Structure formats: structure tokens, C-alpha cells
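Below you'll find the structure, written out as C-alpha cells, and then a few comments.
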Amino acid sequence: MTKDEFQKQIIFPIGEPNDAYAQYFSGQSYLAPISNEQVKFFNVTFEPGCRNNWHVHHASKGGGQMLIGIGGKGWYQEEGKAAQEILPGTVIHIPANTKHWHGAQKDSWFSHLAFEIDGEDTSNEWLKAVSDEDYGRL
């Protein structure tokens, strides 16, 4: 499936290449800001096989992230737990200070809305890439 064909399957725009964060992704991702008012959130789209590195959304109070699948098939995994499939309509709640990664399945485009939860002393820490070996086992 091409990018244009996938765009026709989802309601939100795919956006532009996610060049600012490319160093934290294995493969090509795209980013589209959806709202910059009240609740800020983005559509993040992953080409087949693309995933982000392990990372942590730090906060001393509140914080974290929420994902909502909107197209294709993806994965979400917290450190020490089995990966779980994300499909359109799947909601993932990620508490602050939780090491995790998310991305597309190897044979599918994937898009999710990403909501950064307000908190105190928030920051993102990008860690090592998800190995091809670990990803290939999914």
C-alpha cells in the first residue's frame, strides 16, 4: 500500500516527514499537529516496520502519554511486558516514567493520535532503538 492509499483510509492527515525526531525512529514516520489549543495532540504515522526507540515521558506529578489507534496495525510495549497490538479504536494509557515504545507492524502502515498529558517537571528521554531481532519476533 502506498502512502496516498493509506491516507484515504484515515480521517486525519498523515502530515510531513518527522525529520525533527528521525534519529529516534527506525524507519520513516510522519507528524501532523491536530490541535494546539486546550489539549495538544498529533497524528503520528509509521510506514510498515517503522517504530520509535524505547523512551520515557518523565514527570514528578501527572504527565505521561495516551495513544489512540486510528488506522492500520501497530504495536505498543512497556519494558518487561509483552507487546500488545494497537488497532483503530485501541486506547493506550502510558503512565509517566514508564519505559516503552510503539510503532507499525512489519506488514502494515499505522497511525495513532498521541496526547501528551500535562504534568509537572515533564521531559522526554529517548533511549536505545528496539532491536531488529526483538521486533522481528513480534
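In the C-alpha cells, chains take letters A, B, ... by order of appearance, with residues numbered from 1 within each chain and ligands from 1 in the order shown.
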With only C-alpha atoms counted and 10 Å as the cut-off, give the residues of range 61-91 of chain A in contact with range 6-26 of chain A, each with its shortest interatomic distance in Å and the pair that gives it, as a Markdown table.
```
| residue | atom | partner | partner_atom | distance |
| --- | --- | --- | --- | --- |
| A:Ile70 | CA | A:Ile10 | CA | 6.7 |
| A:Gly71 | CA | A:Ile10 | CA | 5.8 |
| A:Gly72 | CA | A:Phe6 | CA | 8.2 |
| A:Pro88 | CA | A:Ile10 | CA | 9.5 |
```
request  = Name the residues of chain A that come out as strand (DSSP E) in a backbone DSSP run; write them as a PyMOL selection string.
outcome  = chain A and resi 16-17+25-26+29-35+41-46+51-52+55-58+61-62+65-72+74-78+84-86+91-94+100-104+110-116+119-120+123-126
remark   = One residue among A:Leu113, A:Leu138, A:Ile94, A:Ala104 is nearest to Ser29 in chain A when using only C-alpha atoms, and that residue is A:Ala104
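With only C-alpha atoms as the atoms that count, the minimum distance from Lys99 in chain A to the choices A:Lys73, A:Lys61, A:Lys81, A:Lys40 is reached by A:Lys81.
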request  = Using only C-alpha atoms, determine which residues lie at most 7 Å from range 122-125 of chain A, disregarding the query and same-chain residues fewer than 6 positions distant; provide the list as a VMD selection string.
outcome  = chain A and resid 55 to 59 63
Writing out the chosen residues with N, CA, C and O atoms as a PDB file, in the first residue's frame:
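Printed below is out27.pdb as written:
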```pdb
ATOM      1  N   HIS A  55      11.606   4.849  25.055  1.00  0.00           N
ATOM      2  CA  HIS A  55      11.644   6.201  25.609  1.00  0.00           C
ATOM      3  C   HIS A  55      10.778   6.288  26.858  1.00  0.00           C
ATOM      4  O   HIS A  55       9.994   5.384  27.145  1.00  0.00           O
ATOM      5  N   VAL A  56      10.956   7.394  27.589  1.00  0.00           N
ATOM      6  CA  VAL A  56      10.238   7.631  28.836  1.00  0.00           C
ATOM      7  C   VAL A  56       9.736   9.070  28.837  1.00  0.00           C
ATOM      8  O   VAL A  56      10.493   9.993  28.516  1.00  0.00           O
ATOM      9  N   HIS A  57       8.470   9.254  29.185  1.00  0.00           N
ATOM     10  CA  HIS A  57       7.906  10.586  29.408  1.00  0.00           C
ATOM     11  C   HIS A  57       7.962  10.818  30.921  1.00  0.00           C
ATOM     12  O   HIS A  57       7.140  10.280  31.665  1.00  0.00           O
ATOM     13  N   HIS A  58       8.953  11.567  31.351  1.00  0.00           N
ATOM     14  CA  HIS A  58       9.164  11.807  32.781  1.00  0.00           C
ATOM     15  C   HIS A  58       8.229  12.904  33.301  1.00  0.00           C
ATOM     16  O   HIS A  58       7.885  13.835  32.572  1.00  0.00           O
ATOM     17  N   ALA A  59       7.848  12.794  34.556  1.00  0.00           N
ATOM     18  CA  ALA A  59       7.093  13.843  35.257  1.00  0.00           C
ATOM     19  C   ALA A  59       7.182  13.563  36.748  1.00  0.00           C
ATOM     20  O   ALA A  59       7.184  12.407  37.173  1.00  0.00           O
ATOM     21  N   GLY A  63       1.476  13.946  34.030  1.00  0.00           N
ATOM     22  CA  GLY A  63       2.298  13.569  32.891  1.00  0.00           C
ATOM     23  C   GLY A  63       1.902  12.240  32.271  1.00  0.00           C
ATOM     24  O   GLY A  63       0.848  11.682  32.554  1.00  0.00           O
TER      25      GLY A  63
END
```
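Interatomic distance, CA of Asn43 in chain A to CA of Asp121 in chain A: 24.3 Å.
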note = Residue with the minimum atom-to-atom distance to Trp54 in chain A, picked from A:Gly119, A:Pro33, A:Gly136, A:Gly103 with only C-alpha atoms counted, is A:Gly103
Quick one: everything within 12 Å of Gly80 in chain A, counting only C-alpha atoms, minus sequence neighbours fewer than 2 positions away in the same chain. Send it as a short mmCIF file (atom, residue, chain, number, x, y, z; two decimals) with N, CA and C atoms, in the first residue's frame.
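result-v3.cif written:
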```
data_model
loop_
_atom_site.label_atom_id
_atom_site.label_comp_id
_atom_site.auth_asym_id
_atom_site.auth_seq_id
_atom_site.Cartn_x
_atom_site.Cartn_y
_atom_site.Cartn_z
N GLN A 77 4.66 -1.52 23.51
CA GLN A 77 5.28 -2.40 24.50
C GLN A 77 5.89 -1.58 25.62
N GLU A 78 5.61 -2.01 26.84
CA GLU A 78 6.27 -1.47 28.03
C GLU A 78 7.39 -2.42 28.41
N ALA A 82 4.80 -8.09 27.56
CA ALA A 82 4.60 -8.49 26.17
C ALA A 82 4.06 -7.32 25.35
N ALA A 83 4.43 -7.27 24.08
CA ALA A 83 3.89 -6.25 23.18
C ALA A 83 2.40 -6.49 23.00
N THR A 98 7.30 5.59 32.52
CA THR A 98 7.20 4.22 32.05
C THR A 98 8.00 4.06 30.76
N LYS A 99 8.97 3.18 30.76
CA LYS A 99 9.78 2.93 29.57
C LYS A 99 8.96 2.12 28.57
N HIS A 100 8.88 2.60 27.32
CA HIS A 100 8.02 1.97 26.32
C HIS A 100 8.47 2.33 24.90
N TRP A 101 7.85 1.69 23.91
CA TRP A 101 8.00 2.06 22.50
C TRP A 101 6.69 1.74 21.80
#
```
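When only C-alpha atoms are used to measure the gap to Ile68 in chain A, the shortest distance among A:Gly49, A:Gly27, A:Gly89, A:Pro95 belongs to A:Gly89.
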request  = Go through range 12-135 of chain A and collect every residue that DSSP, computed from the backbone, puts in alpha helix (DSSP H); the answer should be as number ranges by chain.
outcome  = A: 132-135
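CA of Leu31 in chain A is positioned 17.2 Å from CA of Glu5 in chain A.
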